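Below: one structure, written as structure tokens.
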Amino acid sequence: MDSYPAVDAPLDDTDRGTDPVHAWRVRQLTRLGLAGHVAEAVADRLDWHEVAQLVQRGCPAALAVAIVE
């Protein structure tokens, strides 16, 4: 019998490099001013829309991520 991962199982680092949704989220976060390595680390853990709302109100991107997390 084949074993398949759960649908909501987190991606490992090798999968992230080929995941277009992850790459898109990273681009959105870096556009908001987040450092690339930080955007990579948090892209799948938070809602970038919430970060964007805080940044649009003048909050620094890194602080917005800390608030949303």
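Going through the structure tokens in order, the chains are called A, B, and so on, while each chain numbers its residues from 1 and the ligands are numbered from 1 in the order shown.
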Extract, using only C-alpha atoms, all DNA, RNA and protein residues at most 10 Å from segment 52-66 of chain A, discarding same-chain residues fewer than 4 positions from it, and format them as number ranges by chain. A: 28-35, 38-39, 42, 46-48
Just C-alpha atoms for this one: save the residues we selected as a CSV table (one decimal), in the first residue's frame.
```csv
chain,number,residue,atom,x,y,z
A,28,GLN,CA,4.8,39.8,-1.9
A,29,LEU,CA,6.7,40.0,1.5
A,30,THR,CA,9.9,41.3,-0.1
A,31,ARG,CA,7.8,44.0,-1.9
A,32,LEU,CA,6.6,45.1,1.5
A,33,GLY,CA,10.2,45.6,2.5
A,34,LEU,CA,11.0,42.4,4.3
A,35,ALA,CA,14.5,41.0,3.9
A,38,VAL,CA,13.1,36.5,6.5
A,39,ALA,CA,10.4,36.4,3.8
A,42,VAL,CA,7.9,33.1,7.2
A,46,LEU,CA,1.5,33.9,8.2
A,47,ASP,CA,-1.0,35.9,6.1
A,48,TRP,CA,0.9,38.4,4.1
```
For a test of reading the model, state the distance in Å between atom CA of Glu69 of chain A and atom CA of Thr18 of chain A, rounded to one decimal. 24.5 Å
Computed interatomic separation between atom CA of Ala43 of chain A and atom CA of His22 of chain A (Å):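 Taking atom CA of Ala43 of chain A as the start and atom CA of His22 of chain A as the end point, the length is 6.4 Å.
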